[in-house]
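Next comes structure_25.cif, a file with mmCIF, C-alpha atoms.
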```cif
data_work
loop_
_atom_site.group_PDB
_atom_site.id
_atom_site.type_symbol
_atom_site.label_atom_id
_atom_site.label_comp_id
_atom_site.auth_asym_id
_atom_site.auth_seq_id
_atom_site.Cartn_x
_atom_site.Cartn_y
_atom_site.Cartn_z
ATOM 1 C CA MET B 1 7.579 36.140 -3.412
ATOM 2 C CA THR B 2 9.537 32.938 -2.803
ATOM 3 C CA TYR B 3 7.705 29.672 -2.119
ATOM 4 C CA ASN B 4 10.028 27.155 -0.512
ATOM 5 C CA LEU B 5 7.801 24.038 -0.616
ATOM 6 C CA VAL B 6 4.978 23.665 -3.146
ATOM 7 C CA ILE B 7 2.501 20.784 -3.438
ATOM 8 C CA PHE B 8 0.716 19.937 -6.698
ATOM 9 C CA GLY B 9 -2.318 17.756 -5.940
ATOM 10 C CA VAL B 10 -6.042 17.212 -6.456
ATOM 11 C CA LYS B 11 -6.859 14.071 -4.451
ATOM 12 C CA SER B 12 -7.470 12.848 -0.930
ATOM 13 C CA THR B 13 -4.013 11.274 -1.107
ATOM 14 C CA SER B 14 -2.588 14.764 -1.742
ATOM 15 C CA GLU B 15 -4.231 15.926 1.487
ATOM 16 C CA THR B 16 -2.594 13.057 3.382
ATOM 17 C CA ILE B 17 0.857 14.060 2.110
ATOM 18 C CA ILE B 18 0.316 17.730 3.027
ATOM 19 C CA LYS B 19 -0.710 16.776 6.568
ATOM 20 C CA TYR B 20 2.318 14.503 6.857
ATOM 21 C CA LEU B 21 4.681 17.285 5.802
ATOM 22 C CA ASN B 22 3.157 19.916 8.068
ATOM 23 C CA ARG B 23 2.310 17.878 11.144
ATOM 24 C CA GLU B 24 4.777 14.993 11.295
ATOM 25 C CA LEU B 25 7.867 16.247 9.508
ATOM 26 C CA LYS B 26 7.299 19.858 10.618
ATOM 27 C CA ARG B 27 8.048 20.975 7.054
ATOM 28 C CA PRO B 28 5.397 23.626 6.366
ATOM 29 C CA VAL B 29 3.971 23.740 2.871
ATOM 30 C CA ASP B 30 3.958 27.284 1.451
ATOM 31 C CA LEU B 31 1.709 26.770 -1.576
ATOM 32 C CA ILE B 32 -0.854 24.233 -2.784
ATOM 33 C CA VAL B 33 -1.594 24.117 -6.517
ATOM 34 C CA THR B 34 -4.898 22.339 -7.103
ATOM 35 C CA LEU B 35 -8.076 22.164 -9.203
ATOM 36 C CA SER B 36 -11.584 23.464 -8.643
ATOM 37 C CA GLU B 37 -14.426 20.998 -8.116
ATOM 38 C CA ALA B 38 -15.826 21.850 -11.550
ATOM 39 C CA ALA B 39 -12.502 20.997 -13.195
ATOM 40 C CA ALA B 40 -12.330 17.727 -11.243
ATOM 41 C CA ARG B 41 -15.755 16.740 -12.558
ATOM 42 C CA GLN B 42 -14.709 17.656 -16.080
ATOM 43 C CA HIS B 43 -11.635 15.417 -15.856
ATOM 44 C CA HIS B 44 -13.459 12.565 -14.025
ATOM 45 C CA ILE B 45 -10.933 12.469 -11.182
ATOM 46 C CA SER B 46 -11.513 9.498 -8.864
ATOM 47 C CA GLY B 47 -10.828 10.356 -5.243
ATOM 48 C CA TYR B 48 -10.877 14.135 -5.802
ATOM 49 C CA GLN B 49 -10.457 16.229 -2.664
ATOM 50 C CA ASN B 50 -11.148 19.936 -2.310
ATOM 51 C CA LEU B 51 -7.901 21.105 -0.674
ATOM 52 C CA GLN B 52 -9.053 24.654 0.083
ATOM 53 C CA PRO B 53 -10.391 23.870 3.607
ATOM 54 C CA LEU B 54 -7.088 22.219 4.549
ATOM 55 C CA ALA B 55 -5.145 25.153 3.141
ATOM 56 C CA ALA B 56 -7.235 27.567 5.211
ATOM 57 C CA GLU B 57 -6.817 25.431 8.342
ATOM 58 C CA LEU B 58 -3.029 25.286 7.997
ATOM 59 C CA GLY B 59 -2.571 28.829 6.715
ATOM 60 C CA ILE B 60 -1.250 27.720 3.324
ATOM 61 C CA LYS B 61 -1.775 29.782 0.182
ATOM 62 C CA CYS B 62 -3.963 27.853 -2.274
ATOM 63 C CA HIS B 63 -3.575 28.479 -5.996
ATOM 64 C CA LEU B 64 -6.844 27.215 -7.469
ATOM 65 C CA LEU B 65 -7.007 26.323 -11.161
ATOM 66 C CA ASP B 66 -9.995 25.941 -13.448
ATOM 67 C CA ASP B 67 -8.046 23.498 -15.598
ATOM 68 C CA TYR B 68 -4.686 21.768 -15.807
ATOM 69 C CA SER B 69 -3.384 24.472 -18.180
ATOM 70 C CA LEU B 70 -0.606 25.926 -16.026
ATOM 71 C CA MET B 71 0.851 28.060 -18.807
ATOM 72 C CA GLU B 72 -2.226 29.595 -20.371
ATOM 73 C CA GLU B 73 -2.057 33.391 -20.664
ATOM 74 C CA LYS B 74 -3.705 34.218 -17.323
ATOM 75 C CA GLU B 75 -1.401 31.785 -15.496
ATOM 76 C CA LYS B 76 1.940 32.889 -16.902
ATOM 77 C CA GLY B 77 2.095 35.978 -14.753
ATOM 78 C CA PHE B 78 1.851 33.996 -11.504
ATOM 79 C CA TRP B 79 4.698 31.656 -12.361
ATOM 80 C CA GLN B 80 6.909 34.408 -13.745
ATOM 81 C CA ALA B 81 6.292 36.829 -10.854
ATOM 82 C CA ASN B 82 7.306 34.410 -8.085
ATOM 83 C CA ASP B 83 10.231 32.162 -7.191
ATOM 84 C CA PHE B 84 9.999 28.520 -6.165
ATOM 85 C CA ASN B 85 12.444 26.098 -4.590
ATOM 86 C CA LEU B 86 11.092 22.543 -4.201
ATOM 87 C CA GLY B 87 7.899 21.143 -5.674
ATOM 88 C CA ILE B 88 6.238 17.824 -4.815
ATOM 89 C CA ALA B 89 3.482 16.416 -7.023
ATOM 90 C CA TYR B 90 1.292 13.785 -5.393
ATOM 91 C CA GLY B 91 -2.116 12.941 -6.800
ATOM 92 C CA TRP B 92 -1.651 15.512 -9.577
ATOM 93 C CA GLN B 93 -2.120 13.146 -12.553
ATOM 94 C CA ARG B 94 -0.814 15.445 -15.283
ATOM 95 C CA LEU B 95 2.425 16.689 -16.773
ATOM 96 C CA ILE B 96 3.810 19.982 -15.514
ATOM 97 C CA PRO B 97 4.981 22.288 -18.334
ATOM 98 C CA ALA B 98 8.723 22.795 -18.768
ATOM 99 C CA ASP B 99 8.333 26.565 -18.288
ATOM 100 C CA VAL B 100 6.860 25.964 -14.833
ATOM 101 C CA LEU B 101 9.459 23.329 -13.921
ATOM 102 C CA ALA B 102 12.208 25.795 -14.816
ATOM 103 C CA ARG B 103 10.955 28.170 -12.114
ATOM 104 C CA PHE B 104 11.937 25.687 -9.349
ATOM 105 C CA SER B 105 15.527 26.022 -8.168
ATOM 106 C CA ILE B 106 15.670 22.453 -6.786
ATOM 107 C CA GLY B 107 13.033 20.963 -9.044
ATOM 108 C CA VAL B 108 9.645 19.296 -8.900
ATOM 109 C CA PHE B 109 9.563 15.669 -7.762
ATOM 110 C CA GLY B 110 6.803 13.139 -8.099
ATOM 111 C CA TRP B 111 6.046 9.440 -8.178
ATOM 112 C CA HIS B 112 5.329 6.795 -10.689
ATOM 113 C CA GLY B 113 4.754 3.357 -9.282
ATOM 114 C CA SER B 114 4.653 0.255 -11.393
ATOM 115 C CA ALA B 115 5.007 -3.497 -11.178
ATOM 116 C CA GLN B 116 7.900 -2.931 -13.603
ATOM 117 C CA TYR B 117 10.988 -0.784 -13.225
ATOM 118 C CA LEU B 118 10.983 2.481 -15.144
ATOM 119 C CA PRO B 119 11.107 3.174 -18.022
ATOM 120 C CA ALA B 120 8.813 0.136 -18.371
ATOM 121 C CA GLY B 121 5.283 0.477 -17.022
ATOM 122 C CA LYS B 122 4.757 4.187 -17.586
ATOM 123 C CA GLY B 123 1.341 5.676 -18.302
ATOM 124 C CA HIS B 124 -2.048 5.522 -16.623
ATOM 125 C CA SER B 125 -3.472 3.740 -13.572
ATOM 126 C CA PRO B 126 -0.427 1.607 -12.666
ATOM 127 C CA LEU B 127 -1.869 0.486 -9.309
ATOM 128 C CA ASN B 128 -5.055 -0.686 -11.028
ATOM 129 C CA TRP B 129 -3.119 -2.425 -13.775
ATOM 130 C CA SER B 130 -0.927 -4.206 -11.233
ATOM 131 C CA LEU B 131 -4.027 -5.793 -9.695
ATOM 132 C CA LEU B 132 -5.493 -6.620 -13.091
ATOM 133 C CA GLU B 133 -2.246 -8.341 -14.078
ATOM 134 C CA ASP B 134 -2.082 -10.213 -10.750
ATOM 135 C CA ARG B 135 1.323 -8.741 -9.916
ATOM 136 C CA LYS B 136 3.001 -9.403 -6.567
ATOM 137 C CA ILE B 137 5.423 -6.481 -6.073
ATOM 138 C CA PHE B 138 5.036 -2.763 -6.744
ATOM 139 C CA HIS B 139 7.976 -0.392 -7.275
ATOM 140 C CA ASN B 140 7.439 3.198 -6.098
ATOM 141 C CA HIS B 141 9.767 5.476 -8.105
ATOM 142 C CA LEU B 142 10.431 8.988 -6.800
ATOM 143 C CA PHE B 143 11.841 11.018 -9.683
ATOM 144 C CA LYS B 144 12.495 14.557 -10.820
ATOM 145 C CA TYR B 145 10.012 15.913 -13.335
ATOM 146 C CA VAL B 146 11.145 16.761 -16.843
ATOM 147 C CA GLY B 147 9.120 17.557 -19.946
ATOM 148 C CA GLY B 148 8.167 13.964 -20.849
ATOM 149 C CA ALA B 149 5.787 11.616 -19.045
ATOM 150 C CA ASP B 150 7.480 9.676 -16.212
ATOM 151 C CA ALA B 151 10.817 10.285 -17.924
ATOM 152 C CA GLY B 152 12.888 12.105 -15.300
ATOM 153 C CA PRO B 153 15.944 10.881 -13.395
ATOM 154 C CA ILE B 154 15.173 8.758 -10.324
ATOM 155 C CA PHE B 155 15.981 9.749 -6.742
ATOM 156 C CA ASN B 156 15.000 6.449 -5.105
ATOM 157 C CA ILE B 157 12.814 3.349 -5.461
ATOM 158 C CA LYS B 158 10.977 1.592 -2.650
ATOM 159 C CA ASP B 159 8.933 -1.591 -3.016
ATOM 160 C CA PHE B 160 5.822 -2.957 -1.371
ATOM 161 C CA GLU B 161 3.884 -6.205 -1.572
ATOM 162 C CA ILE B 162 0.686 -6.823 -3.486
ATOM 163 C CA ASN B 163 -1.045 -9.708 -1.734
ATOM 164 C CA GLN B 164 -4.222 -11.652 -2.488
ATOM 165 C CA HIS B 165 -6.245 -9.570 -0.011
ATOM 166 C CA ASP B 166 -5.330 -6.153 -1.427
ATOM 167 C CA ASN B 167 -7.661 -3.947 -3.416
ATOM 168 C CA ILE B 168 -7.048 -0.542 -4.949
ATOM 169 C CA ALA B 169 -7.732 1.232 -1.648
ATOM 170 C CA THR B 170 -5.192 -0.782 0.356
ATOM 171 C CA LEU B 171 -2.614 -0.342 -2.404
ATOM 172 C CA GLN B 172 -3.163 3.410 -2.227
ATOM 173 C CA TYR B 173 -2.496 3.272 1.529
ATOM 174 C CA LYS B 174 0.692 1.300 0.944
ATOM 175 C CA SER B 175 1.762 3.749 -1.744
ATOM 176 C CA ILE B 176 1.217 6.717 0.597
ATOM 177 C CA LEU B 177 3.182 5.104 3.440
ATOM 178 C CA THR B 178 6.007 4.334 1.031
ATOM 179 C CA ALA B 179 5.932 7.858 -0.394
ATOM 180 C CA GLN B 180 6.165 9.355 3.087
ATOM 181 C CA SER B 181 9.455 7.611 3.760
ATOM 182 C CA GLN B 182 10.704 8.681 0.328
ATOM 183 C CA ILE B 183 9.759 12.326 0.970
ATOM 184 C CA LYS B 184 11.674 12.253 4.249
ATOM 185 C CA GLU B 185 14.790 11.000 2.474
ATOM 186 C CA LEU B 186 14.397 13.609 -0.285
ATOM 187 C CA LEU B 187 14.129 16.475 2.185
ATOM 188 C CA GLU B 188 17.113 15.203 4.171
ATOM 189 C CA ALA B 189 19.171 14.982 0.989
ATOM 190 C CA GLY B 190 18.041 18.489 0.034
ATOM 191 C CA ASP B 191 19.144 19.833 3.409
ATOM 192 C CA LYS B 192 22.603 18.462 2.687
ATOM 193 C CA GLN B 193 22.459 19.722 -0.923
ATOM 194 C CA ASN B 194 23.083 16.123 -1.945
ATOM 195 C CA ILE B 195 20.120 15.012 -4.086
ATOM 196 C CA GLN B 196 21.637 12.313 -6.286
ATOM 197 C CA LEU B 197 19.721 11.155 -9.342
ATOM 198 C CA SER B 198 19.976 8.159 -11.674
ATOM 199 C CA VAL B 199 19.033 8.439 -15.339
ATOM 200 C CA GLN B 200 16.476 5.915 -16.570
ATOM 201 C CA SER B 201 17.707 3.350 -19.075
ATOM 202 C CA GLY B 202 15.991 0.685 -21.131
ATOM 203 C CA LYS B 203 12.910 0.404 -23.321
ATOM 204 C CA SER B 204 9.795 2.364 -22.406
ATOM 205 C CA SER B 205 6.335 0.831 -22.243
ATOM 206 C CA PHE B 206 3.017 2.457 -21.348
ATOM 207 C CA TYR B 207 -0.205 1.368 -19.697
ATOM 208 C CA PRO B 208 -3.323 2.690 -21.477
ATOM 209 C CA LYS B 209 -5.889 4.903 -19.788
ATOM 210 C CA ARG B 210 -8.807 3.161 -18.108
ATOM 211 C CA THR B 211 -12.415 4.403 -18.101
ATOM 212 C CA PRO B 212 -15.420 3.455 -15.935
ATOM 213 C CA GLN B 213 -16.711 1.264 -18.771
ATOM 214 C CA ASP B 214 -13.636 -0.938 -18.427
ATOM 215 C CA GLY B 215 -15.177 -2.192 -15.172
ATOM 216 C CA ARG B 216 -17.799 -4.305 -16.990
ATOM 217 C CA LEU B 217 -17.810 -7.851 -15.602
ATOM 218 C CA ASP B 218 -17.827 -10.893 -17.869
ATOM 219 C CA PHE B 219 -18.587 -14.078 -15.917
ATOM 220 C CA LYS B 220 -17.281 -16.134 -18.836
ATOM 221 C CA ARG B 221 -13.777 -14.979 -17.881
ATOM 222 C CA PRO B 222 -11.706 -16.966 -15.322
ATOM 223 C CA THR B 223 -12.700 -16.355 -11.695
ATOM 224 C CA LEU B 224 -9.293 -14.952 -10.769
ATOM 225 C CA GLU B 225 -9.543 -12.424 -13.591
ATOM 226 C CA ILE B 226 -13.013 -11.343 -12.402
ATOM 227 C CA TYR B 227 -11.781 -11.057 -8.822
ATOM 228 C CA ASN B 228 -8.828 -8.925 -9.901
ATOM 229 C CA LEU B 229 -11.090 -6.594 -11.890
ATOM 230 C CA ILE B 230 -13.379 -6.091 -8.875
ATOM 231 C CA ARG B 231 -10.539 -5.237 -6.504
ATOM 232 C CA ALA B 232 -8.889 -3.014 -9.126
ATOM 233 C CA THR B 233 -12.033 -0.895 -9.515
ATOM 234 C CA ALA B 234 -13.146 -0.720 -5.867
ATOM 235 C CA ALA B 235 -13.729 2.613 -4.106
ATOM 236 C CA PRO B 236 -12.578 5.317 -4.586
ATOM 237 C CA PHE B 237 -12.901 4.162 -8.205
ATOM 238 C CA PRO B 238 -16.317 3.674 -9.867
ATOM 239 C CA GLY B 239 -16.618 -0.065 -9.175
ATOM 240 C CA ALA B 240 -17.044 -3.160 -11.334
ATOM 241 C CA PHE B 241 -20.504 -3.743 -12.730
ATOM 242 C CA CYS B 242 -22.847 -6.103 -14.542
ATOM 243 C CA PHE B 243 -26.577 -6.115 -15.257
ATOM 244 C CA PHE B 244 -29.637 -7.915 -13.940
ATOM 245 C CA GLY B 245 -32.084 -7.357 -16.759
ATOM 246 C CA GLN B 246 -31.840 -3.661 -17.575
ATOM 247 C CA ASN B 247 -30.651 -2.674 -14.105
ATOM 248 C CA GLN B 248 -27.005 -2.141 -13.258
ATOM 249 C CA VAL B 249 -25.416 -4.044 -10.386
ATOM 250 C CA THR B 250 -22.256 -2.398 -9.028
ATOM 251 C CA VAL B 251 -19.933 -4.860 -7.315
ATOM 252 C CA TRP B 252 -17.599 -3.441 -4.661
ATOM 253 C CA GLU B 253 -16.299 -6.583 -3.007
ATOM 254 C CA ALA B 254 -16.255 -10.249 -4.038
ATOM 255 C CA TYR B 255 -14.039 -13.312 -3.644
ATOM 256 C CA PRO B 256 -13.509 -16.671 -5.371
ATOM 257 C CA PHE B 257 -15.879 -19.141 -3.702
ATOM 258 C CA ASP B 258 -15.250 -22.684 -4.947
ATOM 259 C CA SER B 259 -13.915 -24.441 -8.036
ATOM 260 C CA LEU B 260 -14.639 -28.101 -7.119
ATOM 261 C CA MET B 261 -18.350 -28.151 -6.245
ATOM 262 C CA ASP B 262 -20.711 -29.296 -8.999
ATOM 263 C CA PHE B 263 -22.704 -26.274 -10.159
ATOM 264 C CA SER B 264 -23.191 -27.624 -13.684
ATOM 265 C CA LYS B 265 -26.971 -27.179 -13.640
ATOM 266 C CA TYR B 266 -26.531 -23.400 -13.411
ATOM 267 C CA LYS B 267 -25.738 -21.055 -16.251
ATOM 268 C CA ILE B 268 -22.629 -18.909 -16.213
ATOM 269 C CA GLY B 269 -23.525 -15.666 -14.438
ATOM 270 C CA GLN B 270 -26.487 -17.204 -12.578
ATOM 271 C CA VAL B 271 -26.922 -16.809 -8.818
ATOM 272 C CA ILE B 272 -26.439 -20.295 -7.337
ATOM 273 C CA GLU B 273 -27.435 -19.375 -3.802
ATOM 274 C CA THR B 274 -27.469 -16.463 -1.383
ATOM 275 C CA ILE B 275 -25.576 -16.840 1.900
ATOM 276 C CA ASN B 276 -26.182 -14.094 4.477
ATOM 277 C CA ASP B 277 -27.603 -12.101 1.550
ATOM 278 C CA TRP B 278 -24.324 -12.613 -0.347
ATOM 279 C CA PRO B 279 -24.976 -13.974 -3.865
ATOM 280 C CA VAL B 280 -22.820 -16.861 -5.074
ATOM 281 C CA VAL B 281 -22.467 -16.589 -8.845
ATOM 282 C CA LYS B 282 -21.360 -19.279 -11.277
ATOM 283 C CA THR B 283 -18.295 -18.466 -13.368
ATOM 284 C CA THR B 284 -16.699 -20.339 -16.223
ATOM 285 C CA ASP B 285 -14.290 -22.200 -13.922
ATOM 286 C CA GLY B 286 -15.978 -22.080 -10.521
ATOM 287 C CA SER B 287 -17.930 -19.534 -8.544
ATOM 288 C CA LEU B 288 -17.692 -16.101 -6.950
ATOM 289 C CA ILE B 289 -19.277 -14.819 -3.737
ATOM 290 C CA ILE B 290 -20.315 -11.143 -3.804
ATOM 291 C CA LYS B 291 -20.122 -9.539 -0.361
ATOM 292 C CA ASN B 292 -20.832 -5.904 -1.178
ATOM 293 C CA TYR B 293 -22.909 -4.627 -4.087
ATOM 294 C CA GLU B 294 -25.441 -1.989 -5.075
ATOM 295 C CA ALA B 295 -28.578 -2.747 -7.081
ATOM 296 C CA GLN B 296 -32.188 -1.650 -7.340
ATOM 297 C CA GLN B 297 -33.219 -4.924 -5.713
ATOM 298 C CA ARG B 298 -31.445 -7.648 -3.758
ATOM 299 C CA LEU B 299 -30.249 -10.545 -5.841
ATOM 300 C CA GLN B 300 -31.935 -13.925 -5.341
ATOM 301 C CA LYS B 301 -31.196 -17.534 -6.187
ATOM 302 C CA GLY B 302 -31.705 -18.120 -9.893
ATOM 303 C CA ASP B 303 -31.185 -14.504 -10.968
ATOM 304 C CA GLN B 304 -29.173 -14.218 -14.169
ATOM 305 C CA LEU B 305 -26.391 -11.615 -14.324
ATOM 306 C CA ASN B 306 -24.955 -10.395 -17.593
#
```
Take the structure I supplied and represent it as structure tokens, if you would.
Amino acid sequence: MTYNLVIFGVKSTSETIIKYLNRELKRPVDLIVTLSEAAARQHHISGYQNLQPLAAELGIKCHLLDDYSLMEEKEKGFWQANDFNLGIAYGWQRLIPADVLARFSIGVFGWHGSAQYLPAGKGHSPLNWSLLEDRKIFHNHLFKYVGGADAGPIFNIKDFEINQHDNIATLQYKSILTAQSQIKELLEAGDKQNIQLSVQSGKSSFYPKRTPQDGRLDFKRPTLEIYNLIRATAAPFPGAFCFFGQNQVTVWEAYPFDSLMDFSKYKIGQVIETINDWPVVKTTDGSLIIKNYEAQQRLQKGDQLN
């Protein structure tokens, strides 16, 4: 069997791209390659989406995997028995083996965004890292997959702004909107058999993988750094956190409050006041107001966070 358009994806963002292709561009997806819920839990995938209901709704064949191992013995037969034209990987988060890539007549294309131009800024969690580093512009690279990580030739690059109000969720929305316009251009170029690619050049650099424990707040750090960590770990990620005694406090939304008022009588990490049930916490160079958090009990004036 020949599959003309294949999507590799495991996230809610993958679902958005599939709907865009089918409903807006009228480019029906023939095959979705995705992971089971058990595999998603095993790999700690933030924002995982079960794509089987969408596949059933749209009449798309769904190839469900128990792991990312596309070329293990039981998988080889599927890839060797069928033909594939164009693949799009969005929200896939793993390499695709060279033997699978070779089965696609046009190729498999995917994205790597970064605050730096490829080959700089490869690796894990580039949207999160861009917030952590207080970057202002994000470059969305659409490239053709090859064997190495984020190493393929580039089809196009589109930029979007990172402003002071963004968090990881809004950056994901911006990335999806940007990717949609890039997909449209890719498909139009494919129709004309004119997909032109540019080879990456320069020195590679890589962002390290982040884990939920990297969201631990340290109120001795500068307020801007704390603020950036909170917005970089907001939903659908696990959230930033600290402790009140032995109990964890998960912080979903907070903002710099004031750096000029005299809060010298309070300790760093202490709740200065609560305003509309929003704790104001002293930091090393000012204060932070927490507008959305989860804890076993509501925080009160004088509570010490660590």
Just want the 12 Å neighbourhood of Asp30 in chain B, counted on only C-alpha atoms, with same-chain residues fewer than 3 positions away dropped. Output as a PyMOL selection string. chain B and resi 1-8+18+21-22+27+33+55-56+58-63+83-88
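Going from CA of Phe241 in chain B over to CA of His124 in chain B, you cover 21.0 Å.
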For the PyMOL selection byres ((chain B and resi 227-230) around 12), applied here, can you spell out every residue it catches as a compact mmCIF listing (two decimals) with C-alpha atoms, in the frame of the given file?
```txt
# COMPACT_ATOMS: atom_id res chain seq x y z
CA LEU B 127 -1.87 0.49 -9.31
CA ASN B 128 -5.06 -0.69 -11.03
CA TRP B 129 -3.12 -2.42 -13.78
CA SER B 130 -0.93 -4.21 -11.23
CA LEU B 131 -4.03 -5.79 -9.70
CA LEU B 132 -5.49 -6.62 -13.09
CA GLU B 133 -2.25 -8.34 -14.08
CA ASP B 134 -2.08 -10.21 -10.75
CA ARG B 135 1.32 -8.74 -9.92
CA ILE B 162 0.69 -6.82 -3.49
CA ASN B 163 -1.04 -9.71 -1.73
CA GLN B 164 -4.22 -11.65 -2.49
CA HIS B 165 -6.24 -9.57 -0.01
CA ASP B 166 -5.33 -6.15 -1.43
CA ASN B 167 -7.66 -3.95 -3.42
CA ILE B 168 -7.05 -0.54 -4.95
CA ALA B 169 -7.73 1.23 -1.65
CA ARG B 210 -8.81 3.16 -18.11
CA PRO B 212 -15.42 3.46 -15.94
CA GLN B 213 -16.71 1.26 -18.77
CA ASP B 214 -13.64 -0.94 -18.43
CA GLY B 215 -15.18 -2.19 -15.17
CA ARG B 216 -17.80 -4.30 -16.99
CA LEU B 217 -17.81 -7.85 -15.60
CA ASP B 218 -17.83 -10.89 -17.87
CA PHE B 219 -18.59 -14.08 -15.92
CA ARG B 221 -13.78 -14.98 -17.88
CA PRO B 222 -11.71 -16.97 -15.32
CA THR B 223 -12.70 -16.36 -11.70
CA LEU B 224 -9.29 -14.95 -10.77
CA GLU B 225 -9.54 -12.42 -13.59
CA ILE B 226 -13.01 -11.34 -12.40
CA ARG B 231 -10.54 -5.24 -6.50
CA ALA B 232 -8.89 -3.01 -9.13
CA THR B 233 -12.03 -0.90 -9.52
CA ALA B 234 -13.15 -0.72 -5.87
CA ALA B 235 -13.73 2.61 -4.11
CA PHE B 237 -12.90 4.16 -8.20
CA PRO B 238 -16.32 3.67 -9.87
CA GLY B 239 -16.62 -0.06 -9.18
CA ALA B 240 -17.04 -3.16 -11.33
CA PHE B 241 -20.50 -3.74 -12.73
CA CYS B 242 -22.85 -6.10 -14.54
CA THR B 250 -22.26 -2.40 -9.03
CA VAL B 251 -19.93 -4.86 -7.32
CA TRP B 252 -17.60 -3.44 -4.66
CA GLU B 253 -16.30 -6.58 -3.01
CA ALA B 254 -16.26 -10.25 -4.04
CA TYR B 255 -14.04 -13.31 -3.64
CA PRO B 256 -13.51 -16.67 -5.37
CA PHE B 257 -15.88 -19.14 -3.70
CA THR B 283 -18.30 -18.47 -13.37
CA GLY B 286 -15.98 -22.08 -10.52
CA SER B 287 -17.93 -19.53 -8.54
CA LEU B 288 -17.69 -16.10 -6.95
CA ILE B 289 -19.28 -14.82 -3.74
CA ILE B 290 -20.32 -11.14 -3.80
CA LYS B 291 -20.12 -9.54 -0.36
CA ASN B 292 -20.83 -5.90 -1.18
CA TYR B 293 -22.91 -4.63 -4.09
```
Please enumerate the residues selected by the PyMOL selection byres ((chain B and resi 67) around 10) when evaluated against the supplied file, formatted as a PyMOL selection string. chain B and resi 34-36+38-40+42-43+64-66+68-70+72
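Among B:Tyr48, B:Trp79, B:Phe160, B:Trp278, the residue with the shortest atom-to-atom distance to Ile176 in chain B, counting only C-alpha atoms, is B:Phe160.
Note that the spacing between CA of Val199 in chain B and CA of Lys174 in chain B amounts to 25.5 Å.
Atom pair CA of Ala151 in chain B / CA of Tyr20 in chain B: separated by 26.5 Å.
Nearest-residue note for Arg103 in chain B: choosing from B:Gln80, B:Thr178, B:Ser205, B:Thr13, the minimum distance belongs to B:Gln80, counting only C-alpha atoms.
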Just so the selection is clear, what residues does the PyMOL selection byres ((chain B and resi 305) around 9) cover here, as a VMD selection string? chain B and resid 219 242 to 245 249 268 to 271 281 303 to 304 306
Counting all atoms listed in the file, which residues have an atom no more than 10 Å from (-0.6, 6.5, -10.2) in the file's coordinates? Please list them as a PyMOL selection string. chain B and resi 90-93+111-114+122-129+140+172+175
Would you give the centre and edge lengths, in Å to one decimal, of a box along x, y and z around the listed atoms of range 236-243 of chain B, with 3 Å added to each side, as AutoDock Vina command-line options?
```
--center_x -19.6 --center_y -0.4 --center_z -9.9 --size_x 20.0 --size_y 17.4 --size_z 16.7
```
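Among the candidates B:Glu294, B:Lys301, B:Gly147, B:Ile137, the one nearest to Tyr266 in chain B when counting all atoms listed in the file is B:Lys301.
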